[in-house]
2 protein chains.
Amino acid sequence: MAEKKIRNMEEFSAVSGISRPTVSKFFNNPDSVRQSTRAKIEAAVEKYDYRPNIFAMNQNRKLTKNVGIVVPLLTDPYFAEIARNLEQRCLDAGYRPTLFSAHGDPALEVEVLDNLRSMKPAGVLLAPLGRASDRVALEKFCQDVPTLIFDSSVDELGLAFVGSDNFQFTSHITDYLCRTGEPPCFFEMKTPANPNAHRRRQAYLSAMETFGYTPQVISVEGEGWGFEEIGRLGGHQALANRSFGTNTVLCSNDRLAIGLLTACYERNVRVGRGPDCTIRVAGQDGHPHSRYTCPPLTTISHDYDAVSKRAAEALFEAIDGDVSPWKSTRIEGKLVLRDSA
Amino acid sequence: MAEKKIRNMEEFSAVSGISRPTVSKFFNNPDSVRQSTRAKIEAAVEKYDYRPNIFAMNQNRKLTKNVGIVVPLLTDPYFAEIARNLEQRCLDAGYRPTLFSAHGDPALEVEVLDNLRSMKPAGVLLAPLGRASDRVALEKFCQDVPTLIFDSSVDELGLAFVGSDNFQFTSHITDYLCRTGEPPCFFEMKTPANPNAHRRRQAYLSAMETFGYTPQVISVEGEGWGFEEIGRLGGHQALANRSFGTNTVLCSNDRLAIGLLTACYERNVRVGRGPDCTIRVAGQDGHPHSRYTCPPLTTISHDYDAVSKRAAEALFEAIDGDVSPWKSTRIEGKLVLRDSA
DNA sequence: GCAAATACTTTACGCGCGTAAATAATTTAT
DNA sequence: ATAAATTATTTACGCGCGTAAAGTATTTGC
C-alpha cells in the first residue's frame with residue numbers, strides 16, 4: 001500500500017493483471033472467480049487499497065442490495081433502537097442498509113422517499129409518520145418500490161405490515177392494572193401523530209367495558225414530538241384539577257409517562273405500588289429509557305427483536321420473489337413489571 | 001400528472017421541449033435559465049413528476065453539495081440531537097446531508113468512511129468513536145476529504161475541531177457544587193470510550209486542588225455503550241460500599257448519572273438538595289433526557305446550537321476555499337440548575 | 001492426450017447525468 | 001432595424017461501473 005492512487009476499476013484492473021469485467025465479477029461475489037485469480041485480486045486490493053464506488057456500482061445494476069430504512073424521528077430512542085435493529089438484520093442478510101429520518105416533517109418524508117428512488121433500492125422498510133404522512137406520495141412510492149411498512153400501519157399499503165399488536169398491548173396492561181389495584185385512567189394526547197394511539201384508546205375503552213368499569217380518558221393538549229414535555233404539562237394540569245378518577249394512570253406511551261412521572265415528582269406525588277404511594281403510572285412501548293425512570297416504569301414492551309426480524313424477513317422474501325398477498329402481522333408485547341405500577 | 005412515466009432527463013427534456021443541457025442547468029440552479037424556459041420546465045416537472053437521479057447527478061460533478069455527518073452511536077440521544085441539528089444547518093445552507101452511525105463499532109466507522117468517499121462529499125462532519133477509532137484510517141480519510149471533527153478531538157486531525165470545553169464544563173460545575181454544599185466525588189467509567197472523559201477527570205482533579213479539597217474518583221467497571229446500566233450497577237456497588245466520601249457526586253456524563261439516580265431510587269436514597277435528601281447528584285452533557293429524571297438532573301449542558309453552528313460554518317468556509325490553519329474551538333457549557341444538586 | 005467444460009479477455013454498450021465547445025436562436029440595447 | 005449580448009441547442013465526451021457477446025485460454029474428465 002504505497003504506489004500511486006488507483007482511481008477506478010480500470011486502473012485497478014491494470015495493476016492487478018486481471019481484466020475489468022472479471023474484477024467487477026469478483027467484487028460482486030469473490031467466490032465467482034477462480035481461486036488463483038481471486039488471490040491475485042485480493043493481493044492487489046491489499047496493496048493498492050482500492051474499493052469500488054458503491055454508487056457507480058448500483059447505477060447500472062439490475063438488482064441492487066440496497067435497502068432503505070425510514071423512520072419518522074431518529075431523536076426518539078424507540079425509533080433509533082428499532083432502526084439499529086433493522087440495520088443489523090439487513091447487514092447480516094447481505095444487504096446494504098441506509099437510514100433516513102423524516103424528522104417529524106411530512107414534506108421531508110416525501111423528499112426522503114424521492115431520494116430513495118435514486119438509489120434503486122431492492123426494498124424499503126418504512127415506518128410512516130402517520131396521520132401527517134402524504135398518503136398519495138406513499139402510495140406512489142409503494143407502487144414503484146417493494147416497501148414493507150412497520151410500526152404504524154396505513155391500510156393495505158406496500159407489501160405487508162409488521163408491527164406491534166397495539167390492541168393486545170393496551171388490553172393486556174389494562175388487565176394487569178385492573179387485577180392489581182384500581183382500574184386505570186387513560187392518559188393520552190388529544191391529537192396524536194401516530195395512529196397507534198387511536199388503537200390504544202379503543203383497546204382501553206373496550207377492556208374497561210369488559211371488566212365492567214367506567215373508562216376515563218384524559219386527553220391533553222400539545223402539538224409536535226416533545227411528548228415528555230406534553231406529558232409533564234398535561235400531568236400538572238390533570239393533577240391540579242384532580243382529573244384522575246382513580247389512583248392509576250395508564251399512559252398512551254412511555255414518553256408521555258416519563259413526563260407524567262416528572263410532573264408527579266414536581267408536585268411531590270409519590271408514584272408506585274408501595275403503601276406510601278398515591279398513584280400508579282404505567283406506560284406502553286418498552287422505551288429504552290423506561291428502565292431508568294424513578295420509579296422504573298411498568299410498561300408493555302414492543303418485542304423489538306421479533307418485530308425487526310419479521311419485518312426484515314418479510315421484505316427479503318418479497319425481494320426474492322416470493323409473492324404473497326398483503327398481510328398484517330401484529331406481534332404481542334411483553335409486560336414489564338417495574339415499580340411504577 | 002398522468003402521462004407515461006419519465007425515466008430520465010433525456011425523456012424529460014423531450015416532453016418539456018427544452019434541451020437536456022439546459023434542463024440539467026435548471027436543476028442545478030433554476031435561476032440560471034431564462035424565466036420563460038424556467039416556467040416551461042417547472043410546468044413539465046409538475047405534469048410529469050420528474051426528479052433527477054441524485055446519485056447520477058453527483059457522479060460526474062466537480063463539486064457536489066453532499067455533506068456526510070458521522071456519529072459514533074445514533075441510539076444515544078445526545079448524538080441524535082446534535083446530528084439533527086447539523087443536518088438542519090446543512091439543509092439551510094443548501095447542502096445535502098447524509099447521516100451515518102458507526103454503531104459503536106470501529107470497523108463500521110471505517111466502512112462508513114469508505115462509503116462516504118463514494119459519494120464525493122464536499123465535506124464531512126465527523127464525531128469519531130474516540131479511543132477505539134482506527135487512527136490511520138481516519139487520517140487517510142481526512143487527507144482525501146475536507147473533514148471537520150466535532151464532539152471529540154483527535155489531535156490535529158482534519159480541518160479543525162469544534163466541540164465543548166470539557167475542562168470548563170467540569171471546572172464550572174465542580175465550582176458550583178463546592179460553593180453550595182460538600183465537595184463532589186467524581187463518578188466515572190474506568191475505561192471510557194470517549195476521550196472527553198479524561199479531560200473531565202483532569203478538570204475535576206485540578207478544580208478540587210484549587211479549592212483545597214481532596215479529590216475522590218470512583219471508577220466503575222463496564223464495557224460498551226450501555227452507560228445507564230453501568231452507572232446503575234456501579235452506583236449500587238458504590239452505595240453499598242459507602243465509597244462516596246461526601247454527600248455529593250459529580251458524574252462524568254448524564255447517562256451515568258441517570259443510572260446512578262436509578263440505583264439511588266432502588267436503595268431508597270433520597271437525591272436532591274432538600275433537607276430530607278442524603279445525596280446530591282450532578283451530571284454533564286445536558287442530555288435531552290436530563291430534564292425528565294426524578295429529581296430532574298442538575299447538569300452542565302452542551303451548547304448544542306453553538307457547537308453545531310460553529311462546526312457547520314467552519315466546514316462551509318473550508319469548502320468555499322477559505323483555507324485557515326487547524327484550530328480547536330471549544331465552547332463553554334451552561335450550568336442547568338435543577339433539583340438533583 | 002483429447003474433447004468438453006470452465007474461466008478469462010476483448011469489445012462494446014448502457015446507466016443517468018455533468019459539462020464543455022461550437023453553433024443557432026432569442027433578447028436587449030442603441 | 002441592426003448590432004451586441006444573452007440564452008438555448010447540438011454534439012460529444014466523461015464519470016465509474018454493470019453486463020452481454022464472442023473469442024481465447026485454462027482446467028477438468030476420461
# chains A, B, ... in the order shown; residues from 1 in each chain; ligands from 1
call {"tool": "select_by_dssp", "arguments": {"residues": "segment 125-286 of chain A", "states": "strand (DSSP E)", "output": "PyMOL selection string"}}
result
chain A and resi 125-126+147-150+160-164+185-189+217-220+248-251+280-285
call {"tool": "interface_residues", "arguments": {"of": "chain D", "to": "chain A", "cutoff": "10 Å", "atoms": "only C-alpha atoms (C1' of nucleotides)", "output": "mmCIF file with C-alpha atoms (C1' of nucleotides), in the first residue's frame"}}
result
data_model
loop_
_atom_site.group_PDB
_atom_site.id
_atom_site.type_symbol
_atom_site.label_atom_id
_atom_site.label_comp_id
_atom_site.auth_asym_id
_atom_site.auth_seq_id
_atom_site.Cartn_x
_atom_site.Cartn_y
_atom_site.Cartn_z
ATOM 1 C "C1'" DC D 15 -17.995 9.686 -14.519
ATOM 2 C "C1'" DG D 16 -17.230 4.564 -12.564
ATOM 3 C "C1'" DC D 17 -19.106 0.710 -13.076
ATOM 4 C "C1'" DG D 18 -22.660 -3.440 -14.831
ATOM 5 C "C1'" DT D 19 -23.303 -6.628 -18.277
#
call {"tool": "residues_around", "arguments": {"residues": "segment 6-11 of chain D", "least_positions_apart": "4", "cutoff": "12 Å", "atoms": "only C-alpha atoms (C1' of nucleotides)", "output": "PDB file with N, CA and C atoms (P, O5', C5', C4', C3', O3' and C1' of nucleotides), in the first residue's frame"}}
result
ATOM      1  N   SER B  13     -36.495  16.002 -21.090  1.00  0.00           N
ATOM      2  CA  SER B  13     -36.148  17.101 -21.987  1.00  0.00           C
ATOM      3  C   SER B  13     -37.047  17.080 -23.221  1.00  0.00           C
ATOM      4  N   GLY B  17     -39.767  20.056 -23.981  1.00  0.00           N
ATOM      5  CA  GLY B  17     -39.443  20.921 -25.104  1.00  0.00           C
ATOM      6  C   GLY B  17     -38.187  21.755 -24.893  1.00  0.00           C
ATOM      7  N   ILE B  18     -37.415  21.370 -23.897  1.00  0.00           N
ATOM      8  CA  ILE B  18     -36.163  22.087 -23.613  1.00  0.00           C
ATOM      9  C   ILE B  18     -35.012  21.098 -23.704  1.00  0.00           C
ATOM     10  N   SER B  19     -33.897  21.551 -24.219  1.00  0.00           N
ATOM     11  CA  SER B  19     -32.779  20.631 -24.422  1.00  0.00           C
ATOM     12  C   SER B  19     -32.222  20.116 -23.100  1.00  0.00           C
ATOM     13  N   ARG B  20     -31.622  18.951 -23.153  1.00  0.00           N
ATOM     14  CA  ARG B  20     -31.163  18.325 -21.920  1.00  0.00           C
ATOM     15  C   ARG B  20     -30.129  19.160 -21.175  1.00  0.00           C
ATOM     16  N   PRO B  21     -29.097  19.687 -21.826  1.00  0.00           N
ATOM     17  CA  PRO B  21     -28.142  20.505 -21.071  1.00  0.00           C
ATOM     18  C   PRO B  21     -28.807  21.669 -20.341  1.00  0.00           C
ATOM     19  N   THR B  22     -29.798  22.268 -20.965  1.00  0.00           N
ATOM     20  CA  THR B  22     -30.486  23.374 -20.287  1.00  0.00           C
ATOM     21  C   THR B  22     -31.298  22.865 -19.099  1.00  0.00           C
ATOM     22  N   VAL B  23     -31.923  21.727 -19.300  1.00  0.00           N
ATOM     23  CA  VAL B  23     -32.652  21.123 -18.186  1.00  0.00           C
ATOM     24  C   VAL B  23     -31.696  20.832 -17.036  1.00  0.00           C
ATOM     25  N   LYS B  25     -28.979  22.315 -16.390  1.00  0.00           N
ATOM     26  CA  LYS B  25     -28.621  23.597 -15.780  1.00  0.00           C
ATOM     27  C   LYS B  25     -29.725  24.057 -14.823  1.00  0.00           C
ATOM     28  N   SER B  32     -30.647  30.028 -13.171  1.00  0.00           N
ATOM     29  CA  SER B  32     -29.632  30.192 -14.204  1.00  0.00           C
ATOM     30  C   SER B  32     -30.215  30.116 -15.612  1.00  0.00           C
ATOM     31  N   VAL B  33     -31.514  29.923 -15.698  1.00  0.00           N
ATOM     32  CA  VAL B  33     -32.139  29.909 -17.030  1.00  0.00           C
ATOM     33  C   VAL B  33     -33.167  31.037 -17.139  1.00  0.00           C
ATOM     34  N   ARG B  34     -33.538  31.348 -18.350  1.00  0.00           N
ATOM     35  CA  ARG B  34     -34.487  32.428 -18.591  1.00  0.00           C
ATOM     36  C   ARG B  34     -35.838  32.130 -17.924  1.00  0.00           C
ATOM     37  N   GLN B  35     -36.525  33.155 -17.520  1.00  0.00           N
ATOM     38  CA  GLN B  35     -37.820  32.976 -16.859  1.00  0.00           C
ATOM     39  C   GLN B  35     -38.775  32.104 -17.678  1.00  0.00           C
ATOM     40  N   SER B  36     -38.827  32.390 -18.991  1.00  0.00           N
ATOM     41  CA  SER B  36     -39.788  31.662 -19.827  1.00  0.00           C
ATOM     42  C   SER B  36     -39.463  30.173 -19.896  1.00  0.00           C
ATOM     43  N   THR B  37     -38.192  29.835 -20.009  1.00  0.00           N
ATOM     44  CA  THR B  37     -37.854  28.415 -20.068  1.00  0.00           C
ATOM     45  C   THR B  37     -38.006  27.771 -18.697  1.00  0.00           C
ATOM     46  N   ARG B  38     -37.711  28.559 -17.688  1.00  0.00           N
ATOM     47  CA  ARG B  38     -37.902  28.044 -16.330  1.00  0.00           C
ATOM     48  C   ARG B  38     -39.365  27.649 -16.121  1.00  0.00           C
TER      49      ARG B  38
ATOM     50  P    DA C  20     -17.198  22.751 -17.617  1.00  0.00           P
ATOM     51  O5'  DA C  20     -16.367  22.859 -18.961  1.00  0.00           O
ATOM     52  C5'  DA C  20     -15.651  21.729 -19.444  1.00  0.00           C
ATOM     53  C4'  DA C  20     -15.748  21.689 -20.956  1.00  0.00           C
ATOM     54  C3'  DA C  20     -15.698  23.081 -21.606  1.00  0.00           C
ATOM     55  O3'  DA C  20     -14.664  23.084 -22.567  1.00  0.00           O
ATOM     56  C1'  DA C  20     -17.511  21.817 -22.453  1.00  0.00           C
ATOM     57  P    DA C  21     -14.238  24.475 -23.227  1.00  0.00           P
ATOM     58  O5'  DA C  21     -14.776  24.316 -24.714  1.00  0.00           O
ATOM     59  C5'  DA C  21     -14.586  23.075 -25.407  1.00  0.00           C
ATOM     60  C4'  DA C  21     -15.228  23.166 -26.774  1.00  0.00           C
ATOM     61  C3'  DA C  21     -15.193  24.572 -27.394  1.00  0.00           C
ATOM     62  O3'  DA C  21     -14.955  24.470 -28.778  1.00  0.00           O
ATOM     63  C1'  DA C  21     -17.427  23.872 -27.175  1.00  0.00           C
ATOM     64  P    DA C  22     -14.676  25.790 -29.651  1.00  0.00           P
ATOM     65  O5'  DA C  22     -15.817  25.674 -30.739  1.00  0.00           O
ATOM     66  C5'  DA C  22     -16.104  24.397 -31.314  1.00  0.00           C
ATOM     67  C4'  DA C  22     -17.452  24.448 -31.993  1.00  0.00           C
ATOM     68  C3'  DA C  22     -17.700  25.725 -32.810  1.00  0.00           C
ATOM     69  O3'  DA C  22     -18.278  25.378 -34.060  1.00  0.00           O
ATOM     70  C1'  DA C  22     -19.430  25.439 -31.243  1.00  0.00           C
ATOM     71  P    DT C  23     -18.592  26.565 -35.135  1.00  0.00           P
ATOM     72  O5'  DT C  23     -20.179  26.619 -35.070  1.00  0.00           O
ATOM     73  C5'  DT C  23     -20.928  25.397 -35.154  1.00  0.00           C
ATOM     74  C4'  DT C  23     -22.366  25.684 -34.811  1.00  0.00           C
ATOM     75  C3'  DT C  23     -22.985  26.865 -35.578  1.00  0.00           C
ATOM     76  O3'  DT C  23     -24.115  26.408 -36.294  1.00  0.00           O
ATOM     77  C1'  DT C  23     -23.498  26.975 -33.275  1.00  0.00           C
ATOM     78  P    DA C  24     -24.931  27.427 -37.255  1.00  0.00           P
ATOM     79  O5'  DA C  24     -26.263  27.702 -36.438  1.00  0.00           O
ATOM     80  C5'  DA C  24     -27.057  26.610 -36.000  1.00  0.00           C
ATOM     81  C4'  DA C  24     -28.139  27.126 -35.082  1.00  0.00           C
ATOM     82  C3'  DA C  24     -28.972  28.271 -35.662  1.00  0.00           C
ATOM     83  O3'  DA C  24     -30.351  27.993 -35.429  1.00  0.00           O
ATOM     84  C1'  DA C  24     -28.094  28.903 -33.563  1.00  0.00           C
ATOM     85  P    DA C  25     -31.475  28.841 -36.163  1.00  0.00           P
ATOM     86  O5'  DA C  25     -32.205  29.563 -34.961  1.00  0.00           O
ATOM     87  C5'  DA C  25     -32.713  28.769 -33.893  1.00  0.00           C
ATOM     88  C4'  DA C  25     -32.872  29.634 -32.677  1.00  0.00           C
ATOM     89  C3'  DA C  25     -33.810  30.826 -32.853  1.00  0.00           C
ATOM     90  O3'  DA C  25     -34.927  30.643 -32.000  1.00  0.00           O
ATOM     91  C1'  DA C  25     -31.811  31.440 -31.704  1.00  0.00           C
ATOM     92  P    DT C  26     -36.199  31.603 -32.138  1.00  0.00           P
ATOM     93  O5'  DT C  26     -35.939  32.656 -30.978  1.00  0.00           O
ATOM     94  C5'  DT C  26     -35.715  32.197 -29.654  1.00  0.00           C
ATOM     95  C4'  DT C  26     -35.101  33.285 -28.810  1.00  0.00           C
ATOM     96  C3'  DT C  26     -35.919  34.568 -28.709  1.00  0.00           C
ATOM     97  O3'  DT C  26     -36.449  34.640 -27.395  1.00  0.00           O
ATOM     98  C1'  DT C  26     -33.585  34.984 -28.888  1.00  0.00           C
ATOM     99  P    DT C  27     -37.583  35.720 -27.047  1.00  0.00           P
ATOM    100  O5'  DT C  27     -36.672  36.917 -26.555  1.00  0.00           O
ATOM    101  C5'  DT C  27     -36.158  36.897 -25.235  1.00  0.00           C
ATOM    102  C4'  DT C  27     -34.958  37.812 -25.102  1.00  0.00           C
ATOM    103  C3'  DT C  27     -35.302  39.267 -24.798  1.00  0.00           C
ATOM    104  O3'  DT C  27     -35.019  39.517 -23.435  1.00  0.00           O
ATOM    105  C1'  DT C  27     -33.472  39.030 -26.317  1.00  0.00           C
ATOM    106  P    DT C  28     -35.555  40.825 -22.728  1.00  0.00           P
ATOM    107  O5'  DT C  28     -34.412  41.861 -23.076  1.00  0.00           O
ATOM    108  C5'  DT C  28     -33.084  41.651 -22.594  1.00  0.00           C
ATOM    109  C4'  DT C  28     -32.151  42.680 -23.187  1.00  0.00           C
ATOM    110  C3'  DT C  28     -32.609  44.134 -23.026  1.00  0.00           C
ATOM    111  O3'  DT C  28     -31.660  44.832 -22.232  1.00  0.00           O
ATOM    112  C1'  DT C  28     -31.832  43.690 -25.231  1.00  0.00           C
ATOM    113  P    DA C  29     -31.852  46.356 -21.879  1.00  0.00           P
ATOM    114  O5'  DA C  29     -30.868  47.021 -22.946  1.00  0.00           O
ATOM    115  C5'  DA C  29     -29.563  46.458 -23.132  1.00  0.00           C
ATOM    116  C4'  DA C  29     -28.847  47.186 -24.251  1.00  0.00           C
ATOM    117  C3'  DA C  29     -28.984  48.711 -24.214  1.00  0.00           C
ATOM    118  O3'  DA C  29     -27.723  49.294 -24.533  1.00  0.00           O
ATOM    119  C1'  DA C  29     -29.761  47.909 -26.287  1.00  0.00           C
TER     120       DA C  29
END
call {"tool": "interface_residues", "arguments": {"of": "chain B", "to": "chain A", "cutoff": "9 Å", "atoms": "only C-alpha atoms", "output": "VMD selection string"}}
result
chain B and resid 51 to 56 59 74 to 81 84 98 to 100 103 114 to 115 117 to 119 228 to 229 232 258 to 259 261 to 263 265 to 266 289 291 to 296
call {"tool": "write_last_selection", "arguments": {"atoms": "N, CA and C atoms", "output": "CSV table (one decimal), in the first residue's frame"}}
result
chain,number,residue,atom,x,y,z
B,51,ARG,N,-38.0,13.9,-11.3
B,51,ARG,CA,-36.9,14.4,-10.5
B,51,ARG,C,-35.6,13.7,-10.9
B,52,PRO,N,-34.6,14.4,-11.1
B,52,PRO,CA,-33.3,13.8,-11.5
B,52,PRO,C,-32.8,12.8,-10.4
B,53,ASN,N,-32.0,11.8,-10.9
B,53,ASN,CA,-31.4,10.9,-10.0
B,53,ASN,C,-30.2,11.5,-9.3
B,54,ILE,N,-30.3,11.7,-8.0
B,54,ILE,CA,-29.3,12.4,-7.3
B,54,ILE,C,-27.9,11.7,-7.3
B,55,PHE,N,-27.9,10.4,-7.4
B,55,PHE,CA,-26.6,9.8,-7.4
B,55,PHE,C,-25.9,9.9,-8.8
B,56,ALA,N,-26.7,9.8,-9.8
B,56,ALA,CA,-26.2,10.1,-11.1
B,56,ALA,C,-25.7,11.5,-11.3
B,59,GLN,N,-22.3,11.9,-9.8
B,59,GLN,CA,-21.3,11.0,-10.4
B,59,GLN,C,-20.2,11.8,-11.1
B,74,LEU,N,-26.1,6.4,17.1
B,74,LEU,CA,-27.3,7.2,16.9
B,74,LEU,C,-28.3,6.9,18.0
B,75,THR,N,-28.1,5.7,18.7
B,75,THR,CA,-29.1,5.4,19.7
B,75,THR,C,-28.8,6.2,21.0
B,76,ASP,N,-27.8,7.0,21.0
B,76,ASP,CA,-27.5,7.9,22.1
B,76,ASP,C,-28.2,9.2,21.8
B,77,PRO,N,-29.2,9.6,22.5
B,77,PRO,CA,-30.0,10.8,22.2
B,77,PRO,C,-29.1,12.1,22.1
B,78,TYR,N,-28.0,12.1,22.8
B,78,TYR,CA,-27.1,13.2,22.6
B,78,TYR,C,-26.7,13.3,21.2
B,79,PHE,N,-26.2,12.3,20.6
B,79,PHE,CA,-25.7,12.3,19.2
B,79,PHE,C,-26.9,12.5,18.3
B,80,ALA,N,-28.0,11.9,18.6
B,80,ALA,CA,-29.1,12.0,17.7
B,80,ALA,C,-29.5,13.5,17.6
B,81,GLU,N,-29.5,14.2,18.8
B,81,GLU,CA,-29.8,15.6,18.8
B,81,GLU,C,-28.8,16.4,18.1
B,84,ARG,N,-29.2,15.9,14.3
B,84,ARG,CA,-30.3,16.5,13.8
B,84,ARG,C,-30.1,18.0,13.6
B,98,THR,N,-26.1,13.7,4.7
B,98,THR,CA,-26.4,12.2,4.8
B,98,THR,C,-25.9,11.8,6.2
B,99,LEU,N,-26.7,11.1,6.9
B,99,LEU,CA,-26.3,10.8,8.3
B,99,LEU,C,-25.9,9.3,8.4
B,100,PHE,N,-24.8,9.1,9.1
B,100,PHE,CA,-24.3,7.8,9.3
B,100,PHE,C,-23.9,7.6,10.8
B,103,HIS,N,-22.4,2.9,15.0
B,103,HIS,CA,-23.0,2.0,15.9
B,103,HIS,C,-22.0,1.4,16.9
B,114,ASP,N,-15.4,4.8,4.1
B,114,ASP,CA,-15.1,4.3,2.8
B,114,ASP,C,-16.3,4.5,1.9
B,115,ASN,N,-17.5,4.3,2.4
B,115,ASN,CA,-18.7,4.5,1.6
B,115,ASN,C,-18.9,6.0,1.3
B,117,ARG,N,-16.7,8.1,0.8
B,117,ARG,CA,-15.8,8.5,-0.3
B,117,ARG,C,-16.6,8.4,-1.6
B,118,SER,N,-17.4,7.4,-1.7
B,118,SER,CA,-18.1,7.1,-3.0
B,118,SER,C,-19.0,8.2,-3.3
B,119,MET,N,-19.5,8.9,-2.4
B,119,MET,CA,-20.5,10.0,-2.7
B,119,MET,C,-19.8,11.3,-2.9
B,228,GLU,N,-26.1,3.9,31.1
B,228,GLU,CA,-27.1,3.9,32.2
B,228,GLU,C,-26.9,2.7,33.1
B,229,GLU,N,-26.8,1.5,32.5
B,229,GLU,CA,-26.7,0.3,33.3
B,229,GLU,C,-25.4,0.2,34.0
B,232,ARG,N,-25.8,2.4,36.9
B,232,ARG,CA,-26.7,1.9,37.9
B,232,ARG,C,-26.0,0.8,38.7
B,258,ILE,N,-27.9,9.2,35.2
B,258,ILE,CA,-29.2,8.7,35.1
B,258,ILE,C,-29.2,7.3,35.7
B,259,GLY,N,-28.2,6.5,35.4
B,259,GLY,CA,-28.1,5.1,36.1
B,259,GLY,C,-27.9,5.2,37.6
B,261,LEU,N,-28.9,7.6,39.5
B,261,LEU,CA,-30.2,8.0,40.1
B,261,LEU,C,-31.1,6.8,40.3
B,262,THR,N,-31.1,6.0,39.3
B,262,THR,CA,-31.9,4.8,39.4
B,262,THR,C,-31.4,3.9,40.6
B,263,ALA,N,-30.1,3.8,40.7
B,263,ALA,CA,-29.6,3.0,41.8
B,263,ALA,C,-30.0,3.6,43.1
B,265,TYR,N,-32.6,5.4,43.7
B,265,TYR,CA,-34.0,5.1,44.0
B,265,TYR,C,-34.2,3.7,44.5
B,266,GLU,N,-33.5,2.8,43.9
B,266,GLU,CA,-33.7,1.4,44.2
B,266,GLU,C,-33.2,1.1,45.7
B,289,HIS,N,-32.6,13.9,27.9
B,289,HIS,CA,-33.5,13.3,28.9
B,289,HIS,C,-33.3,13.9,30.3
B,291,ARG,N,-33.8,16.5,31.8
B,291,ARG,CA,-34.9,17.3,32.3
B,291,ARG,C,-36.0,16.4,33.0
B,292,TYR,N,-36.0,15.2,32.6
B,292,TYR,CA,-37.2,14.3,33.0
B,292,TYR,C,-36.8,13.2,34.0
B,293,THR,N,-35.6,13.3,34.5
B,293,THR,CA,-35.3,12.3,35.6
B,293,THR,C,-36.0,12.8,36.8
B,294,CYS,N,-36.0,12.0,37.8
B,294,CYS,CA,-36.6,12.3,39.1
B,294,CYS,C,-35.6,12.1,40.2
B,295,PRO,N,-35.1,13.1,40.8
B,295,PRO,CA,-35.3,14.5,40.5
B,295,PRO,C,-34.7,14.9,39.2
B,296,PRO,N,-35.2,15.9,38.6
B,296,PRO,CA,-34.6,16.5,37.4
B,296,PRO,C,-33.1,16.7,37.6
call {"tool": "interface_residues", "arguments": {"of": "chain C", "to": "chain A", "cutoff": "9 Å", "atoms": "only C-alpha atoms (C1' of nucleotides)", "output": "list in words"}}
result
DA7, DC8, DT9, DG14, DC15 and DG16 of chain C
call {"tool": "write_last_selection", "arguments": {"atoms": "N, CA and C atoms (P, O5', C5', C4', C3', O3' and C1' of nucleotides)", "output": "PDB file, in the first residue's frame"}}
result
ATOM      1  P    DA C   7     -15.962 -22.038 -13.367  1.00  0.00           P
ATOM      2  O5'  DA C   7     -14.826 -21.095 -13.970  1.00  0.00           O
ATOM      3  C5'  DA C   7     -13.452 -21.466 -13.871  1.00  0.00           C
ATOM      4  C4'  DA C   7     -12.617 -20.471 -14.624  1.00  0.00           C
ATOM      5  C3'  DA C   7     -12.934 -19.011 -14.289  1.00  0.00           C
ATOM      6  O3'  DA C   7     -11.723 -18.359 -13.934  1.00  0.00           O
ATOM      7  C1'  DA C   7     -12.900 -19.323 -16.626  1.00  0.00           C
ATOM      8  P    DC C   8     -11.731 -16.796 -13.560  1.00  0.00           P
ATOM      9  O5'  DC C   8     -11.229 -16.120 -14.911  1.00  0.00           O
ATOM     10  C5'  DC C   8      -9.865 -16.276 -15.300  1.00  0.00           C
ATOM     11  C4'  DC C   8      -9.704 -15.720 -16.695  1.00  0.00           C
ATOM     12  C3'  DC C   8      -9.860 -14.203 -16.797  1.00  0.00           C
ATOM     13  O3'  DC C   8      -8.575 -13.606 -16.997  1.00  0.00           O
ATOM     14  C1'  DC C   8     -10.982 -15.353 -18.575  1.00  0.00           C
ATOM     15  P    DT C   9      -8.543 -11.999 -17.281  1.00  0.00           P
ATOM     16  O5'  DT C   9      -8.792 -11.900 -18.851  1.00  0.00           O
ATOM     17  C5'  DT C   9      -7.846 -12.447 -19.775  1.00  0.00           C
ATOM     18  C4'  DT C   9      -8.145 -11.949 -21.179  1.00  0.00           C
ATOM     19  C3'  DT C   9      -8.196 -10.423 -21.321  1.00  0.00           C
ATOM     20  O3'  DT C   9      -7.449 -10.044 -22.467  1.00  0.00           O
ATOM     21  C1'  DT C   9     -10.227 -11.384 -22.093  1.00  0.00           C
ATOM     22  P    DG C  14     -26.350   1.432 -26.277  1.00  0.00           P
ATOM     23  O5'  DG C  14     -26.740   1.369 -24.738  1.00  0.00           O
ATOM     24  C5'  DG C  14     -27.243   0.160 -24.162  1.00  0.00           C
ATOM     25  C4'  DG C  14     -27.199   0.291 -22.661  1.00  0.00           C
ATOM     26  C3'  DG C  14     -27.703   1.644 -22.159  1.00  0.00           C
ATOM     27  O3'  DG C  14     -28.837   1.462 -21.332  1.00  0.00           O
ATOM     28  C1'  DG C  14     -25.584   1.074 -21.168  1.00  0.00           C
ATOM     29  P    DC C  15     -29.782   2.650 -20.947  1.00  0.00           P
ATOM     30  O5'  DC C  15     -29.317   2.967 -19.478  1.00  0.00           O
ATOM     31  C5'  DC C  15     -29.516   2.030 -18.432  1.00  0.00           C
ATOM     32  C4'  DC C  15     -28.912   2.600 -17.186  1.00  0.00           C
ATOM     33  C3'  DC C  15     -29.282   4.055 -16.953  1.00  0.00           C
ATOM     34  O3'  DC C  15     -30.268   4.111 -15.922  1.00  0.00           O
ATOM     35  C1'  DC C  15     -26.926   3.643 -16.597  1.00  0.00           C
ATOM     36  P    DG C  16     -31.623   4.898 -16.236  1.00  0.00           P
ATOM     37  O5'  DG C  16     -31.192   6.368 -15.824  1.00  0.00           O
ATOM     38  C5'  DG C  16     -30.788   6.608 -14.490  1.00  0.00           C
ATOM     39  C4'  DG C  16     -30.020   7.897 -14.450  1.00  0.00           C
ATOM     40  C3'  DG C  16     -30.690   9.060 -15.182  1.00  0.00           C
ATOM     41  O3'  DG C  16     -30.872  10.120 -14.286  1.00  0.00           O
ATOM     42  C1'  DG C  16     -28.425   8.901 -15.766  1.00  0.00           C
TER      43       DG C  16
END
call {"tool": "select_by_dssp", "arguments": {"residues": "segment 61-247 of chain A", "states": "alpha helix (DSSP H)", "output": "MDAnalysis selection string"}}
result
chainID A and resid 77:92 106:118 135:144 166:180 196:211 227:240
